[in-house]
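Chemist: File follows, run34.txt with compact mmCIF, C-alpha atoms:
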```txt
# COMPACT_ATOMS: atom_id res chain seq x y z
CA MET A 1 79.86 123.52 89.02
CA GLN A 2 76.56 122.98 87.25
CA ALA A 3 76.64 126.52 85.89
CA MET A 4 79.77 125.64 83.99
CA LEU A 5 78.14 122.77 82.10
CA SER A 6 76.99 123.20 78.48
CA PHE A 7 74.42 120.48 77.85
CA ASP A 8 73.46 121.97 74.50
CA GLN A 9 76.85 120.77 73.20
CA ALA A 10 76.29 117.15 74.21
CA PRO A 11 77.03 114.59 71.44
CA PRO A 12 74.31 112.39 69.90
CA LEU A 13 72.98 109.83 72.37
CA ALA A 14 74.21 106.93 70.21
CA ALA A 15 77.83 108.05 70.61
CA PRO A 16 78.34 107.27 74.35
CA LEU A 17 75.48 104.77 74.68
CA ARG A 18 77.06 102.14 72.42
CA PHE A 19 80.03 101.96 74.82
CA PHE A 20 77.83 101.84 77.92
CA LEU A 21 75.75 98.96 76.55
CA THR A 22 78.77 96.92 75.42
CA ALA A 23 80.70 97.15 78.70
CA PRO A 24 78.46 94.80 80.76
CA LEU A 25 78.82 92.13 78.07
CA PHE A 26 82.59 92.01 78.60
CA ALA A 27 82.21 91.84 82.39
CA ALA A 28 79.66 89.05 81.92
CA ALA A 29 82.15 87.28 79.63
CA ALA A 30 84.72 87.48 82.44
CA GLY A 31 82.23 85.74 84.72
CA LEU A 32 81.55 83.10 82.07
CA LEU A 33 85.28 82.50 81.67
CA LEU A 34 85.68 81.94 85.42
CA LEU A 35 82.63 79.67 85.38
CA ILE A 36 84.23 77.55 82.62
CA LEU A 37 87.82 77.42 83.89
CA GLY A 38 87.04 77.35 87.61
CA PRO A 39 89.93 77.16 90.11
CA GLU A 40 92.45 76.79 87.29
CA LEU A 41 91.99 80.47 86.41
CA LEU A 42 92.94 81.55 89.95
CA ALA A 43 96.09 79.43 90.25
CA SER A 44 98.24 82.49 89.50
CA ARG A 45 97.94 86.01 88.12
CA TRP A 46 99.97 84.78 85.13
CA THR A 47 97.67 81.97 83.95
CA ALA A 48 96.16 82.42 80.49
CA GLY A 49 92.71 82.52 82.04
CA ALA A 50 93.68 85.16 84.60
CA LEU A 51 95.20 87.40 81.90
CA ALA A 52 92.09 87.05 79.74
CA PHE A 53 89.83 87.67 82.76
CA THR A 54 91.75 90.80 83.76
CA HIS A 55 91.64 92.31 80.28
CA LEU A 56 87.92 91.61 79.92
CA LEU A 57 87.45 93.84 82.97
CA THR A 58 90.07 96.50 82.15
CA ALA A 59 90.14 96.74 78.33
CA GLY A 60 86.51 95.62 78.21
CA PHE A 61 84.30 97.01 80.94
CA MET A 62 86.51 99.88 82.14
CA LEU A 63 87.85 101.14 78.82
CA GLN A 64 84.47 100.99 77.07
CA THR A 65 82.64 102.94 79.78
CA MET A 66 85.43 105.47 80.26
CA VAL A 67 85.78 106.20 76.54
CA GLY A 68 82.01 106.73 76.34
CA ALA A 69 82.06 108.94 79.44
CA LEU A 70 84.88 111.09 78.08
CA LEU A 71 83.10 111.57 74.73
CA GLN A 72 80.07 112.77 76.70
CA ILE A 73 81.71 114.87 79.43
CA LEU A 74 84.32 116.61 77.27
CA PRO A 75 82.01 119.00 75.38
CA VAL A 76 79.72 119.44 78.39
CA ALA A 77 82.46 120.31 80.90
CA THR A 78 84.95 122.10 78.63
CA GLY A 79 82.91 123.34 75.69
CA ALA A 80 85.24 121.57 73.22
CA GLY A 81 83.60 118.55 71.65
CA VAL A 82 85.04 115.90 69.36
CA ALA A 83 84.48 116.64 65.67
CA ARG A 84 81.98 114.20 64.10
CA PRO A 85 81.45 112.39 67.45
CA LEU A 86 79.13 109.71 66.08
CA GLY A 87 81.58 108.67 63.36
CA VAL A 88 84.46 108.63 65.83
CA ALA A 89 82.40 106.61 68.30
CA ARG A 90 81.47 104.02 65.67
CA ALA A 91 85.07 103.55 64.51
CA VAL A 92 86.57 103.46 68.00
CA HIS A 93 83.87 101.17 69.41
CA GLY A 94 84.17 98.68 66.57
CA LEU A 95 87.96 98.51 66.68
CA LEU A 96 88.18 98.27 70.48
CA THR A 97 85.54 95.53 70.60
CA LEU A 98 87.15 93.45 67.85
CA GLY A 99 90.64 94.06 69.27
CA LEU A 100 89.67 92.81 72.71
CA LEU A 101 88.15 89.66 71.25
CA PHE A 102 91.45 89.02 69.44
CA LEU A 103 93.39 89.71 72.65
CA VAL A 104 91.34 87.35 74.80
CA GLY A 105 91.58 84.66 72.12
CA GLY A 106 95.33 85.21 71.99
CA PHE A 107 95.73 84.75 75.73
CA LEU A 108 93.64 81.58 75.73
CA THR A 109 95.29 79.94 72.68
CA TYR A 110 98.63 81.77 72.46
CA ARG A 111 98.30 82.07 68.67
CA SER A 112 100.51 84.84 67.31
CA GLU A 113 98.06 85.87 64.57
CA LEU A 114 95.46 86.71 67.23
CA PHE A 115 97.93 88.94 69.06
CA GLN A 116 98.72 90.59 65.72
CA GLY A 117 95.01 91.24 65.15
CA ALA A 118 94.71 92.67 68.66
CA LEU A 119 97.70 94.91 68.04
CA LEU A 120 96.19 96.29 64.84
CA CYS A 121 92.63 96.80 66.12
CA LEU A 122 93.37 98.06 69.64
CA GLY A 123 96.17 100.27 68.41
CA GLY A 124 94.00 101.70 65.63
CA GLY A 125 90.98 102.27 67.86
CA VAL A 126 92.92 104.04 70.60
CA LEU A 127 94.87 106.08 68.05
CA ILE A 128 91.66 107.39 66.47
CA PHE A 129 90.29 108.19 69.93
CA LEU A 130 93.46 109.95 71.11
CA VAL A 131 93.71 112.05 67.94
CA ALA A 132 90.03 113.05 68.08
CA VAL A 133 90.08 113.88 71.79
CA GLY A 134 93.54 115.45 71.59
CA ARG A 135 92.35 117.90 68.92
CA ALA A 136 89.40 118.88 71.09
CA LEU A 137 91.55 119.33 74.19
CA ALA A 138 94.11 121.39 72.26
CA GLN A 139 91.44 124.00 71.58
CA ILE A 140 90.89 124.87 75.23
CA PRO A 141 93.26 126.63 77.64
CA MET A 142 94.26 125.18 80.98
CA GLY A 143 91.49 127.20 82.58
CA SER A 144 90.05 124.70 85.06
CA THR A 145 91.03 121.78 87.21
CA ILE A 146 88.60 119.51 85.32
CA GLN A 147 90.49 120.19 82.10
CA TRP A 148 93.79 119.40 83.82
CA ALA A 149 92.46 116.04 84.98
CA LEU A 150 91.03 115.17 81.55
CA LYS A 151 94.16 116.17 79.64
CA LEU A 152 96.46 114.22 81.94
CA ALA A 153 94.11 111.22 81.88
CA VAL A 154 94.24 111.15 78.08
CA ALA A 155 98.04 111.34 78.27
CA GLY A 156 97.94 108.46 80.79
CA LEU A 157 95.86 106.41 78.37
CA GLY A 158 98.48 107.06 75.69
CA VAL A 159 101.27 105.76 77.94
CA THR A 160 99.16 102.74 78.94
CA VAL A 161 98.45 101.81 75.34
CA LEU A 162 102.06 102.27 74.22
CA LEU A 163 103.22 99.90 76.95
CA GLY A 164 100.46 97.44 76.12
CA LEU A 165 101.22 97.51 72.41
CA SER A 166 104.91 96.92 73.10
CA MET A 167 103.98 93.74 74.96
CA LEU A 168 101.69 92.69 72.13
CA VAL A 169 104.59 93.10 69.69
CA ASN A 170 106.61 90.82 71.95
CA LEU A 171 103.84 88.19 72.05
CA ALA A 172 103.00 88.43 68.36
CA TRP A 173 106.56 87.96 67.13
CA GLY A 174 108.15 86.02 70.00
CA LEU A 175 110.65 88.67 71.08
CA SER A 176 112.55 88.50 74.38
CA TRP A 177 111.60 91.78 76.03
CA PRO A 178 111.32 92.06 79.87
CA LEU A 179 107.59 91.42 80.04
CA LEU A 180 107.34 91.19 83.84
CA GLU A 181 108.78 94.68 84.36
CA ILE A 182 106.70 96.21 81.56
CA THR A 183 103.52 94.53 82.85
CA GLY A 184 103.75 96.17 86.27
CA ILE A 185 104.29 99.63 84.79
CA HIS A 186 101.53 99.07 82.20
CA LEU A 187 99.08 98.08 84.94
CA ALA A 188 99.95 101.09 87.10
CA TRP A 189 99.46 103.55 84.25
CA GLY A 190 96.17 101.90 83.27
CA LEU A 191 94.71 101.96 86.78
CA VAL A 192 96.11 105.28 88.01
CA GLY A 193 97.33 107.33 85.04
CA TRP A 194 94.16 106.64 83.06
CA GLY A 195 91.58 105.22 85.47
CA VAL A 196 91.94 107.30 88.61
CA LEU A 197 92.70 110.56 86.79
CA LEU A 198 89.70 110.24 84.47
CA LEU A 199 87.35 109.12 87.25
CA SER A 200 88.48 112.02 89.42
CA GLY A 201 87.87 114.51 86.60
CA VAL A 202 84.41 113.07 85.96
CA ALA A 203 83.71 112.95 89.70
CA TYR A 204 84.34 116.69 90.04
CA VAL A 205 81.24 117.13 87.83
CA VAL A 206 79.10 114.07 88.58
CA VAL A 207 79.34 113.83 92.38
CA PRO A 208 78.18 117.37 93.28
CA MET A 209 75.63 117.43 90.45
CA PHE A 210 73.94 114.05 90.82
CA LEU A 211 74.70 113.09 94.42
CA LEU A 212 74.06 116.59 95.84
CA THR A 213 77.31 116.93 97.74
CA PRO A 214 79.44 120.01 98.41
CA ALA A 215 82.08 120.78 95.78
CA PHE A 216 85.45 119.05 96.01
CA PRO A 217 88.11 120.99 97.96
CA GLY A 218 90.03 123.38 95.73
CA TRP A 219 93.42 122.12 96.86
CA LEU A 220 92.45 118.55 95.87
CA THR A 221 91.18 119.45 92.40
CA ARG A 222 94.25 121.61 91.74
CA LEU A 223 96.94 119.23 92.99
CA LEU A 224 95.69 115.65 92.62
CA ALA A 225 96.03 115.13 88.86
CA PRO A 226 99.45 116.78 88.30
CA LEU A 227 100.97 115.23 91.44
CA LEU A 228 99.72 111.72 90.66
CA PHE A 229 100.93 112.01 87.08
CA LEU A 230 104.37 113.25 88.20
CA LEU A 231 104.74 110.60 90.91
CA LEU A 232 103.68 107.86 88.51
CA ALA A 233 106.23 109.02 85.93
CA LEU A 234 109.00 109.10 88.57
CA TRP A 235 108.03 105.67 89.87
CA SER A 236 108.01 104.22 86.34
CA GLY A 237 111.55 105.47 85.73
CA ALA A 238 112.73 104.20 89.10
CA GLU A 239 111.09 100.81 88.56
CA ALA A 240 112.58 100.43 85.08
CA ALA A 241 116.03 101.40 86.35
CA GLY A 242 115.83 99.18 89.42
CA TRP A 243 116.31 102.13 91.79
CA GLY A 244 115.73 101.40 95.47
CA GLY A 245 113.42 104.38 95.94
CA ALA A 246 110.70 102.87 93.74
CA PRO A 247 108.68 101.41 96.69
CA LEU A 248 108.54 104.84 98.37
CA LEU A 249 107.27 106.47 95.18
CA ALA A 250 104.71 103.68 94.79
CA ALA A 251 103.54 104.31 98.36
CA LEU A 252 103.09 108.01 97.56
CA VAL A 253 101.01 107.14 94.47
CA ALA A 254 98.84 104.85 96.61
CA ALA A 255 98.51 107.60 99.22
CA GLY A 256 97.34 110.05 96.56
CA CYS A 257 94.69 107.64 95.33
CA GLY A 258 93.62 106.96 98.90
CA THR A 259 93.32 110.69 99.58
CA PHE A 260 90.93 111.10 96.66
CA ALA A 261 88.85 108.12 97.83
CA LEU A 262 88.63 109.39 101.42
CA ALA A 263 87.80 112.95 100.32
CA THR A 264 85.00 111.67 98.07
CA LEU A 265 83.65 109.47 100.87
CA TRP A 266 83.61 112.50 103.16
CA LEU A 267 81.61 114.48 100.57
CA LEU A 268 79.13 111.62 100.22
CA VAL A 269 78.57 111.64 103.97
CA ARG A 270 77.64 115.33 103.68
CA SER A 271 75.21 114.77 100.78
CA LYS A 272 71.93 116.71 100.90
CA ARG A 273 69.96 113.65 99.84
CA ALA A 274 67.48 112.58 102.47
CA ARG A 275 68.24 108.89 102.01
CA LEU A 276 70.84 106.73 100.33
CA ASP A 277 70.04 105.52 96.83
CA ALA A 278 71.72 102.76 94.82
CA THR A 279 74.17 105.19 93.20
CA GLN A 280 75.44 106.47 96.53
CA ARG A 281 75.75 102.93 97.84
CA TYR A 282 77.71 101.96 94.75
CA TRP A 283 80.07 104.90 95.22
CA ARG A 284 80.57 104.15 98.91
CA LEU A 285 81.27 100.49 98.19
CA GLY A 286 83.75 101.33 95.43
CA LEU A 287 85.62 103.96 97.44
CA ALA A 288 85.74 101.71 100.51
CA CYS A 289 87.24 98.93 98.36
CA ALA A 290 89.81 101.39 96.99
CA VAL A 291 90.86 102.39 100.50
CA GLY A 292 90.91 98.73 101.54
CA GLY A 293 93.05 97.83 98.53
CA ALA A 294 95.56 100.56 99.34
CA ALA A 295 95.71 99.39 102.96
CA LEU A 296 96.17 95.75 101.92
CA TRP A 297 98.99 96.73 99.58
CA ALA A 298 100.71 98.66 102.40
CA VAL A 299 100.38 95.71 104.78
CA GLY A 300 101.86 93.46 102.11
CA GLN A 301 104.89 95.75 101.90
CA LEU A 302 105.40 95.74 105.68
CA TRP A 303 104.58 92.05 106.31
CA PRO A 304 106.86 89.93 104.11
CA ALA A 305 104.89 86.72 104.64
CA LEU A 306 101.76 88.30 103.17
CA GLY A 307 103.75 89.90 100.38
CA LEU A 308 105.05 86.48 99.31
CA TRP A 309 101.57 84.92 99.18
CA PRO A 310 100.85 84.29 95.45
CA GLY A 311 97.18 85.07 95.98
CA LEU A 312 97.83 88.66 97.07
CA PRO A 313 97.93 90.14 93.52
CA LEU A 314 94.69 88.33 92.68
CA LEU A 315 93.04 89.55 95.89
CA LEU A 316 94.15 93.11 95.20
CA GLY A 317 92.95 92.82 91.62
CA MET A 318 89.45 91.67 92.63
CA LEU A 319 89.24 94.34 95.33
CA LEU A 320 90.34 97.19 93.06
CA LEU A 321 88.88 96.15 89.69
CA VAL A 322 85.54 94.60 90.70
CA GLY A 323 85.09 96.25 94.09
CA GLY A 324 86.59 99.64 93.26
CA PHE A 325 86.40 100.60 89.60
CA MET A 326 83.38 98.49 88.57
CA SER A 327 81.32 99.70 91.54
CA VAL A 328 82.04 103.39 90.97
CA ILE A 329 81.57 103.11 87.20
CA THR A 330 78.27 101.26 87.58
CA GLY A 331 77.10 103.90 90.04
CA MET A 332 77.93 106.59 87.47
CA LEU A 333 76.14 104.70 84.70
CA TYR A 334 72.98 104.60 86.78
CA LYS A 335 72.99 108.39 86.92
CA ILE A 336 74.47 109.30 83.54
CA VAL A 337 72.37 107.03 81.31
CA PRO A 338 68.91 107.99 82.69
CA PHE A 339 69.96 111.66 82.68
CA LEU A 340 71.07 111.49 79.04
CA ILE A 341 67.81 109.78 78.10
CA TRP A 342 65.87 112.54 79.87
CA LEU A 343 68.01 115.30 78.32
CA HIS A 344 67.63 114.08 74.74
CA LEU A 345 63.89 113.46 75.17
CA GLN A 346 63.48 116.92 76.66
CA ASN A 347 65.24 118.44 73.67
CA ALA A 348 63.22 116.33 71.24
CA GLY A 349 59.99 117.52 72.89
CA GLN A 350 60.83 121.14 72.03
CA GLY A 351 59.23 122.35 75.23
CA ARG A 352 55.80 121.06 74.15
CA VAL A 353 56.11 117.41 75.19
CA LEU A 354 57.83 116.82 78.52
CA ALA A 355 60.30 113.97 79.09
CA PRO A 356 59.45 111.37 81.74
CA ASN A 357 60.87 111.72 85.22
CA MET A 358 64.27 110.04 85.64
CA LYS A 359 62.80 107.65 88.21
CA ARG A 360 60.39 106.44 85.53
CA ILE A 361 63.27 105.86 83.14
CA LEU A 362 64.95 103.47 85.59
CA ALA A 363 63.34 102.49 88.87
CA GLU A 364 65.34 102.67 92.09
CA SER A 365 64.27 99.13 92.99
CA ALA A 366 65.82 97.73 89.78
CA MET A 367 69.15 99.40 90.56
CA ALA A 368 69.09 98.26 94.19
CA ARG A 369 68.48 94.62 93.30
CA GLN A 370 71.26 94.63 90.71
CA MET A 371 73.62 96.18 93.22
CA ALA A 372 72.87 93.37 95.68
CA ALA A 373 73.86 90.90 92.97
CA HIS A 374 77.08 92.85 92.31
CA ALA A 375 77.97 92.91 96.01
CA ALA A 376 77.39 89.14 96.21
CA SER A 377 79.65 88.57 93.19
CA LEU A 378 82.38 90.70 94.80
CA ALA A 379 82.19 88.76 98.06
CA LEU A 380 82.35 85.44 96.20
CA LEU A 381 85.29 86.60 94.06
CA LEU A 382 87.28 87.60 97.14
CA ALA A 383 86.46 84.26 98.76
CA ALA A 384 87.42 82.43 95.56
CA VAL A 385 90.96 83.83 95.71
CA VAL A 386 91.38 82.28 99.17
CA ARG A 387 89.44 79.05 98.50
CA PRO A 388 89.31 78.55 94.71
CA ALA A 389 87.95 75.01 94.87
CA TRP A 390 84.96 76.15 96.92
CA PHE A 391 84.03 79.50 95.44
CA ALA A 392 85.44 79.83 91.89
CA TRP A 393 82.34 78.49 90.09
CA PRO A 394 79.77 80.35 92.26
CA ALA A 395 81.81 83.54 91.84
CA GLY A 396 81.87 83.18 88.06
CA LEU A 397 78.12 82.58 87.94
CA ALA A 398 77.43 85.57 90.20
CA LEU A 399 79.64 87.89 88.10
CA LEU A 400 77.95 86.68 84.91
CA LEU A 401 74.42 87.20 86.26
CA SER A 402 75.06 90.57 87.92
CA ASN A 403 76.41 92.07 84.71
CA LEU A 404 73.67 90.63 82.54
CA TRP A 405 71.30 92.25 85.03
CA LEU A 406 73.15 95.56 84.58
CA LEU A 407 72.76 95.21 80.81
CA VAL A 408 69.02 94.57 81.18
CA ASN A 409 68.62 97.69 83.31
CA LEU A 410 70.47 99.88 80.80
CA TRP A 411 68.55 98.31 77.90
CA ARG A 412 65.29 99.20 79.64
CA CYS A 413 66.42 102.84 79.65
CA LEU A 414 66.92 102.64 75.89
CA GLN A 415 63.47 101.11 75.43
CA VAL A 416 61.92 103.98 77.41
CA TYR A 417 63.76 106.40 75.12
CA ARG A 418 62.48 104.73 71.96
CA ARG A 419 58.87 104.53 73.19
CA HIS A 420 58.78 108.13 74.35
CA LEU A 421 60.49 109.35 71.19
CA ARG A 422 57.67 107.79 69.17
CA HIS A 423 55.18 109.43 71.53
CA ILE A 424 56.85 112.82 70.99
CA GLY A 425 56.67 112.39 67.22
CA GLU A 426 52.97 111.57 67.40
CA GLN A 427 52.18 114.50 69.70
CA LEU A 428 54.13 117.03 67.60
CA ALA A 429 52.55 115.71 64.40
CA ALA A 430 49.08 116.00 65.92
CA ALA A 431 49.80 119.55 67.08
CA ALA A 432 51.03 120.52 63.62
```
Please re-express this file's structure in C-alpha cells.
Modeler:
Amino acid sequence: MQAMLSFDQAPPLAAPLRFFLTAPLFAAAAGLLLLILGPELLASRWTAGALAFTHLLTAGFMLQTMVGALLQILPVATGAGVARPLGVARAVHGLLTLGLLFLVGGFLTYRSELFQGALLCLGGGVLIFLVAVGRALAQIPMGSTIQWALKLAVAGLGVTVLLGLSMLVNLAWGLSWPLLEITGIHLAWGLVGWGVLLLSGVAYVVVPMFLLTPAFPGWLTRLLAPLLFLLLALWSGAEAAGWGGAPLLAALVAAGCGTFALATLWLLVRSKRARLDATQRYWRLGLACAVGGAALWAVGQLWPALGLWPGLPLLLGMLLLVGGFMSVITGMLYKIVPFLIWLHLQNAGQGRVLAPNMKRILAESAMARQMAAHAASLALLLAAVVRPAWFAWPAGLALLLSNLWLLVNLWRCLQVYRRHLRHIGEQLAAAA
C-alpha cells in the first residue's frame, strides 16, 4: 500500500491543517452548549439545543476533519490532486465555518434569516468542494478500491448536502415539507454514505501504514463501498415510499458497517507494534463503540419497549458520534498531523537539515492524557442521556475540556513546525 502513495504531490500544509485546527473548536462549542443548557438539551433529540449540538459535531468536527483529510489523501493515494488546493481550502473552510455558525444560531433562535445565511454559506462551500474534488476524481480511472471508496463517499456527501439544504429551505421559508422523514434519510447518508465510506477509504491507507497492520482483505475493499452505497440508496427509496422492507435494508446497512468495524479491529489485534499507543487505543475505542451502537440499534428493533424509549436516539447518537466517529478521527489526527509536519519539514530541509522525529513533534504522553479526558467525556455523555439531571453539566464540561486539550496538542505540532522551519532557514543560509 505504501508503495502506491505519492507524497511529492501532497498539497501545501496550510490546506488541510486549517480544517484540522478548527474542528476541535466546534466540538468544544458543543460541550459549552451542553454546559449552558444542561438537562434541557437532552429532553429529546428534537430540542433546539440537541439539533445545534448534533450539527456542531457532524457539520463541525466531522465535516471539517474529513474535508481536510480528503484534500490531503486524494493526491497522495490517487495521484490526482485538487487544482489550486490552498485557494479551494480557504474558500471552503471560510464558507463552512460561517455557515455552521448561522445554522447553530438558527436552531437556537429559529430566525429565518439565519437559516437563509446557513443555506447560502454551507451550500456554497460544499459546492466549491464537490466541484474541485469531482474534477480531480474524474481524471483517474476506477483502478483501485481506494478510488472507489473516495468517489462514492464524495457522491454520498452530495446526497447528504442536498437533503440538508432541502430542509434548510423548509426552515428558512416556512414550507410544509415532511421534515421527519427527510431528517432520518439525511442522517443516514451523512453517517454512512459520507462518513463510513470516506473513513473506510482513508483507513485502507492509514491503518496499514501508521498502525503497522496487515492490509485489509481484498474482498472487503472491493465490496464494502459499492454494497453500502447500493443498500443505502435502496433503503432511502423504501423509507420514502413507506415500504415494509425498509427495516431489513437498514439492518443490512448496519451489518455492513459492523463488518468493517470488526475487520479493522481484527487487523489492529494483529498489529506489529510492540505496544499499544494512543492512536491504536483511539481506534479500538471508536470501533468498539461502532459495534456497540449497531448492536444497540438491533436490540431496539427486537425489543419494542427499548425502541419506544425517547432516550434511545440520543444514546445511539452519543455512542456513534462521540464514541465512534470522534474517537477514530482523533486517532487519525494524531498520526496524520505529526506526519505532515515531519514530511514538510523534511522537504524544506532539502536533505541537508533533518526534520525532528515524529515523537518529538507530539509526545505520546500528551496524546494519552487527552485520550483519557475524551474517554471520560464519552462515559459522562452516555450517563447524561440516562440521568440528565445528574450528569448533563459534568458531561458538557468534560467534552469542552477534552477538545480544548486536543486543540492544544495540535497547536503544539504547528509551533514545532514554525520553530524548526526557522531553524532550517538559518542552517541553509549559513551553509550558503
Chemist: Please list as number ranges by chain every residue within 7 Å of stretch 247-261 of chain A, counting only C-alpha atoms and excluding residues in the same chain fewer than 6 positions away.
Modeler: A: 228, 231-232, 235, 287, 290-291, 294
Chemist: Rank A:Val207, A:Val76, A:Ala241, A:Ala10 by their smallest atom-to-atom distance to A:Glu181, using all atoms listed in the file, and report the top residue only.
Modeler: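 Once distances to A:Glu181 are computed over all atoms listed in the file, the minimum belongs to A:Ala241.
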Chemist: Tell me, in Å to one decimal, how far atom CA of A:Ala238 is from atom CA of A:Trp46.
Modeler: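 That distance, rounded to one decimal, is 23.6 Å.
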Chemist: Could you jot down the atom CA of A:Thr78 to atom CA of A:Thr330 separation for me, Å, one decimal place?
Modeler: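 Interatomic distance, atom CA of A:Thr78 to atom CA of A:Thr330: 23.6 Å.
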Chemist: Could you check which residues have any atom within 12 Å of (71.7, 117.6, 97.4), counting only C-alpha atoms with coordinates taken straight from the file, and then list them as a list in words?
Modeler: Val207, Pro208, Met209, Phe210, Leu211, Leu212, Thr213, Pro214, Ala215, Leu267, Leu268, Val269, Arg270, Ser271, Lys272, Arg273, Ala274, Arg275, Leu276 and Gln280 of chain A
Chemist: Can those selected residues be exported to a file as a short mmCIF file (atom, residue, chain, number, x, y, z; two decimals), in the coordinates of the input so that it contains C-alpha atoms?
Modeler:
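So part_36.cif came out as:
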```
data_model
loop_
_atom_site.label_atom_id
_atom_site.label_comp_id
_atom_site.auth_asym_id
_atom_site.auth_seq_id
_atom_site.Cartn_x
_atom_site.Cartn_y
_atom_site.Cartn_z
CA VAL A 207 79.34 113.83 92.38
CA PRO A 208 78.18 117.37 93.28
CA MET A 209 75.63 117.43 90.45
CA PHE A 210 73.94 114.05 90.82
CA LEU A 211 74.70 113.09 94.42
CA LEU A 212 74.06 116.59 95.84
CA THR A 213 77.31 116.93 97.74
CA PRO A 214 79.44 120.01 98.41
CA ALA A 215 82.08 120.78 95.78
CA LEU A 267 81.61 114.48 100.57
CA LEU A 268 79.13 111.62 100.22
CA VAL A 269 78.57 111.64 103.97
CA ARG A 270 77.64 115.33 103.68
CA SER A 271 75.21 114.77 100.78
CA LYS A 272 71.93 116.71 100.90
CA ARG A 273 69.96 113.65 99.84
CA ALA A 274 67.48 112.58 102.47
CA ARG A 275 68.24 108.89 102.01
CA LEU A 276 70.84 106.73 100.33
CA GLN A 280 75.44 106.47 96.53
#
```
Chemist: Within 7 Å of stretch 332-349 of chain A, counting all atoms listed in the file, which residues show up once you throw out same-chain ones fewer than 4 positions away? Write them as a PyMOL selection string, please.
Modeler: chain A and resi 210+279+328+353-356+358+361-362+413+417+421+424
Chemist: What's around A:Asn409 at 12 Å? Count only C-alpha atoms, leave out sequence neighbours fewer than 2 positions away in its own chain, and write the answer as a PDB file with C-alpha atoms, keeping the file's coordinate frame.
Modeler:
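Everything below was put into selection_5.pdb:
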```
ATOM      1  CA  PHE A  20      77.830 101.840  77.920  1.00  0.00           C
ATOM      2  CA  LEU A  21      75.750  98.960  76.550  1.00  0.00           C
ATOM      3  CA  PRO A  24      78.460  94.800  80.760  1.00  0.00           C
ATOM      4  CA  THR A 330      78.270 101.260  87.580  1.00  0.00           C
ATOM      5  CA  LEU A 333      76.140 104.700  84.700  1.00  0.00           C
ATOM      6  CA  TYR A 334      72.980 104.600  86.780  1.00  0.00           C
ATOM      7  CA  VAL A 337      72.370 107.030  81.310  1.00  0.00           C
ATOM      8  CA  PRO A 338      68.910 107.990  82.690  1.00  0.00           C
ATOM      9  CA  ILE A 361      63.270 105.860  83.140  1.00  0.00           C
ATOM     10  CA  LEU A 362      64.950 103.470  85.590  1.00  0.00           C
ATOM     11  CA  ALA A 363      63.340 102.490  88.870  1.00  0.00           C
ATOM     12  CA  GLU A 364      65.340 102.670  92.090  1.00  0.00           C
ATOM     13  CA  SER A 365      64.270  99.130  92.990  1.00  0.00           C
ATOM     14  CA  ALA A 366      65.820  97.730  89.780  1.00  0.00           C
ATOM     15  CA  MET A 367      69.150  99.400  90.560  1.00  0.00           C
ATOM     16  CA  ALA A 368      69.090  98.260  94.190  1.00  0.00           C
ATOM     17  CA  ARG A 369      68.480  94.620  93.300  1.00  0.00           C
ATOM     18  CA  GLN A 370      71.260  94.630  90.710  1.00  0.00           C
ATOM     19  CA  MET A 371      73.620  96.180  93.220  1.00  0.00           C
ATOM     20  CA  SER A 402      75.060  90.570  87.920  1.00  0.00           C
ATOM     21  CA  ASN A 403      76.410  92.070  84.710  1.00  0.00           C
ATOM     22  CA  LEU A 404      73.670  90.630  82.540  1.00  0.00           C
ATOM     23  CA  TRP A 405      71.300  92.250  85.030  1.00  0.00           C
ATOM     24  CA  LEU A 406      73.150  95.560  84.580  1.00  0.00           C
ATOM     25  CA  LEU A 407      72.760  95.210  80.810  1.00  0.00           C
ATOM     26  CA  TRP A 411      68.550  98.310  77.900  1.00  0.00           C
ATOM     27  CA  ARG A 412      65.290  99.200  79.640  1.00  0.00           C
ATOM     28  CA  CYS A 413      66.420 102.840  79.650  1.00  0.00           C
ATOM     29  CA  LEU A 414      66.920 102.640  75.890  1.00  0.00           C
ATOM     30  CA  GLN A 415      63.470 101.110  75.430  1.00  0.00           C
ATOM     31  CA  VAL A 416      61.920 103.980  77.410  1.00  0.00           C
TER      32      VAL A 416
END
```
Chemist: Could N, CA and C atoms be built for stretch 29-38 of chain A and written out as a PDB file, in the frame of the given file?
Modeler:
```
ATOM      1  N   ALA A  29      81.250  88.272  80.236  1.00  0.00           N
ATOM      2  CA  ALA A  29      82.150  87.280  79.630  1.00  0.00           C
ATOM      3  C   ALA A  29      83.254  86.879  80.598  1.00  0.00           C
ATOM      4  N   ALA A  30      83.727  87.831  81.416  1.00  0.00           N
ATOM      5  CA  ALA A  30      84.720  87.480  82.440  1.00  0.00           C
ATOM      6  C   ALA A  30      84.134  86.486  83.427  1.00  0.00           C
ATOM      7  N   GLY A  31      82.886  86.697  83.828  1.00  0.00           N
ATOM      8  CA  GLY A  31      82.230  85.740  84.720  1.00  0.00           C
ATOM      9  C   GLY A  31      82.069  84.382  84.071  1.00  0.00           C
ATOM     10  N   LEU A  32      81.698  84.368  82.790  1.00  0.00           N
ATOM     11  CA  LEU A  32      81.550  83.100  82.070  1.00  0.00           C
ATOM     12  C   LEU A  32      82.887  82.371  81.978  1.00  0.00           C
ATOM     13  N   LEU A  33      83.963  83.119  81.751  1.00  0.00           N
ATOM     14  CA  LEU A  33      85.280  82.500  81.670  1.00  0.00           C
ATOM     15  C   LEU A  33      85.664  81.845  82.994  1.00  0.00           C
ATOM     16  N   LEU A  34      85.392  82.526  84.103  1.00  0.00           N
ATOM     17  CA  LEU A  34      85.680  81.940  85.420  1.00  0.00           C
ATOM     18  C   LEU A  34      84.784  80.729  85.667  1.00  0.00           C
ATOM     19  N   LEU A  35      83.545  80.795  85.206  1.00  0.00           N
ATOM     20  CA  LEU A  35      82.630  79.670  85.380  1.00  0.00           C
ATOM     21  C   LEU A  35      83.126  78.445  84.601  1.00  0.00           C
ATOM     22  N   ILE A  36      83.740  78.657  83.447  1.00  0.00           N
ATOM     23  CA  ILE A  36      84.230  77.550  82.620  1.00  0.00           C
ATOM     24  C   ILE A  36      85.534  76.982  83.159  1.00  0.00           C
ATOM     25  N   LEU A  37      86.483  77.875  83.478  1.00  0.00           N
ATOM     26  CA  LEU A  37      87.820  77.420  83.890  1.00  0.00           C
ATOM     27  C   LEU A  37      87.895  77.067  85.364  1.00  0.00           C
ATOM     28  N   GLY A  38      87.059  77.673  86.193  1.00  0.00           N
ATOM     29  CA  GLY A  38      87.040  77.350  87.610  1.00  0.00           C
ATOM     30  C   GLY A  38      88.333  77.683  88.327  1.00  0.00           C
TER      31      GLY A  38
END
```
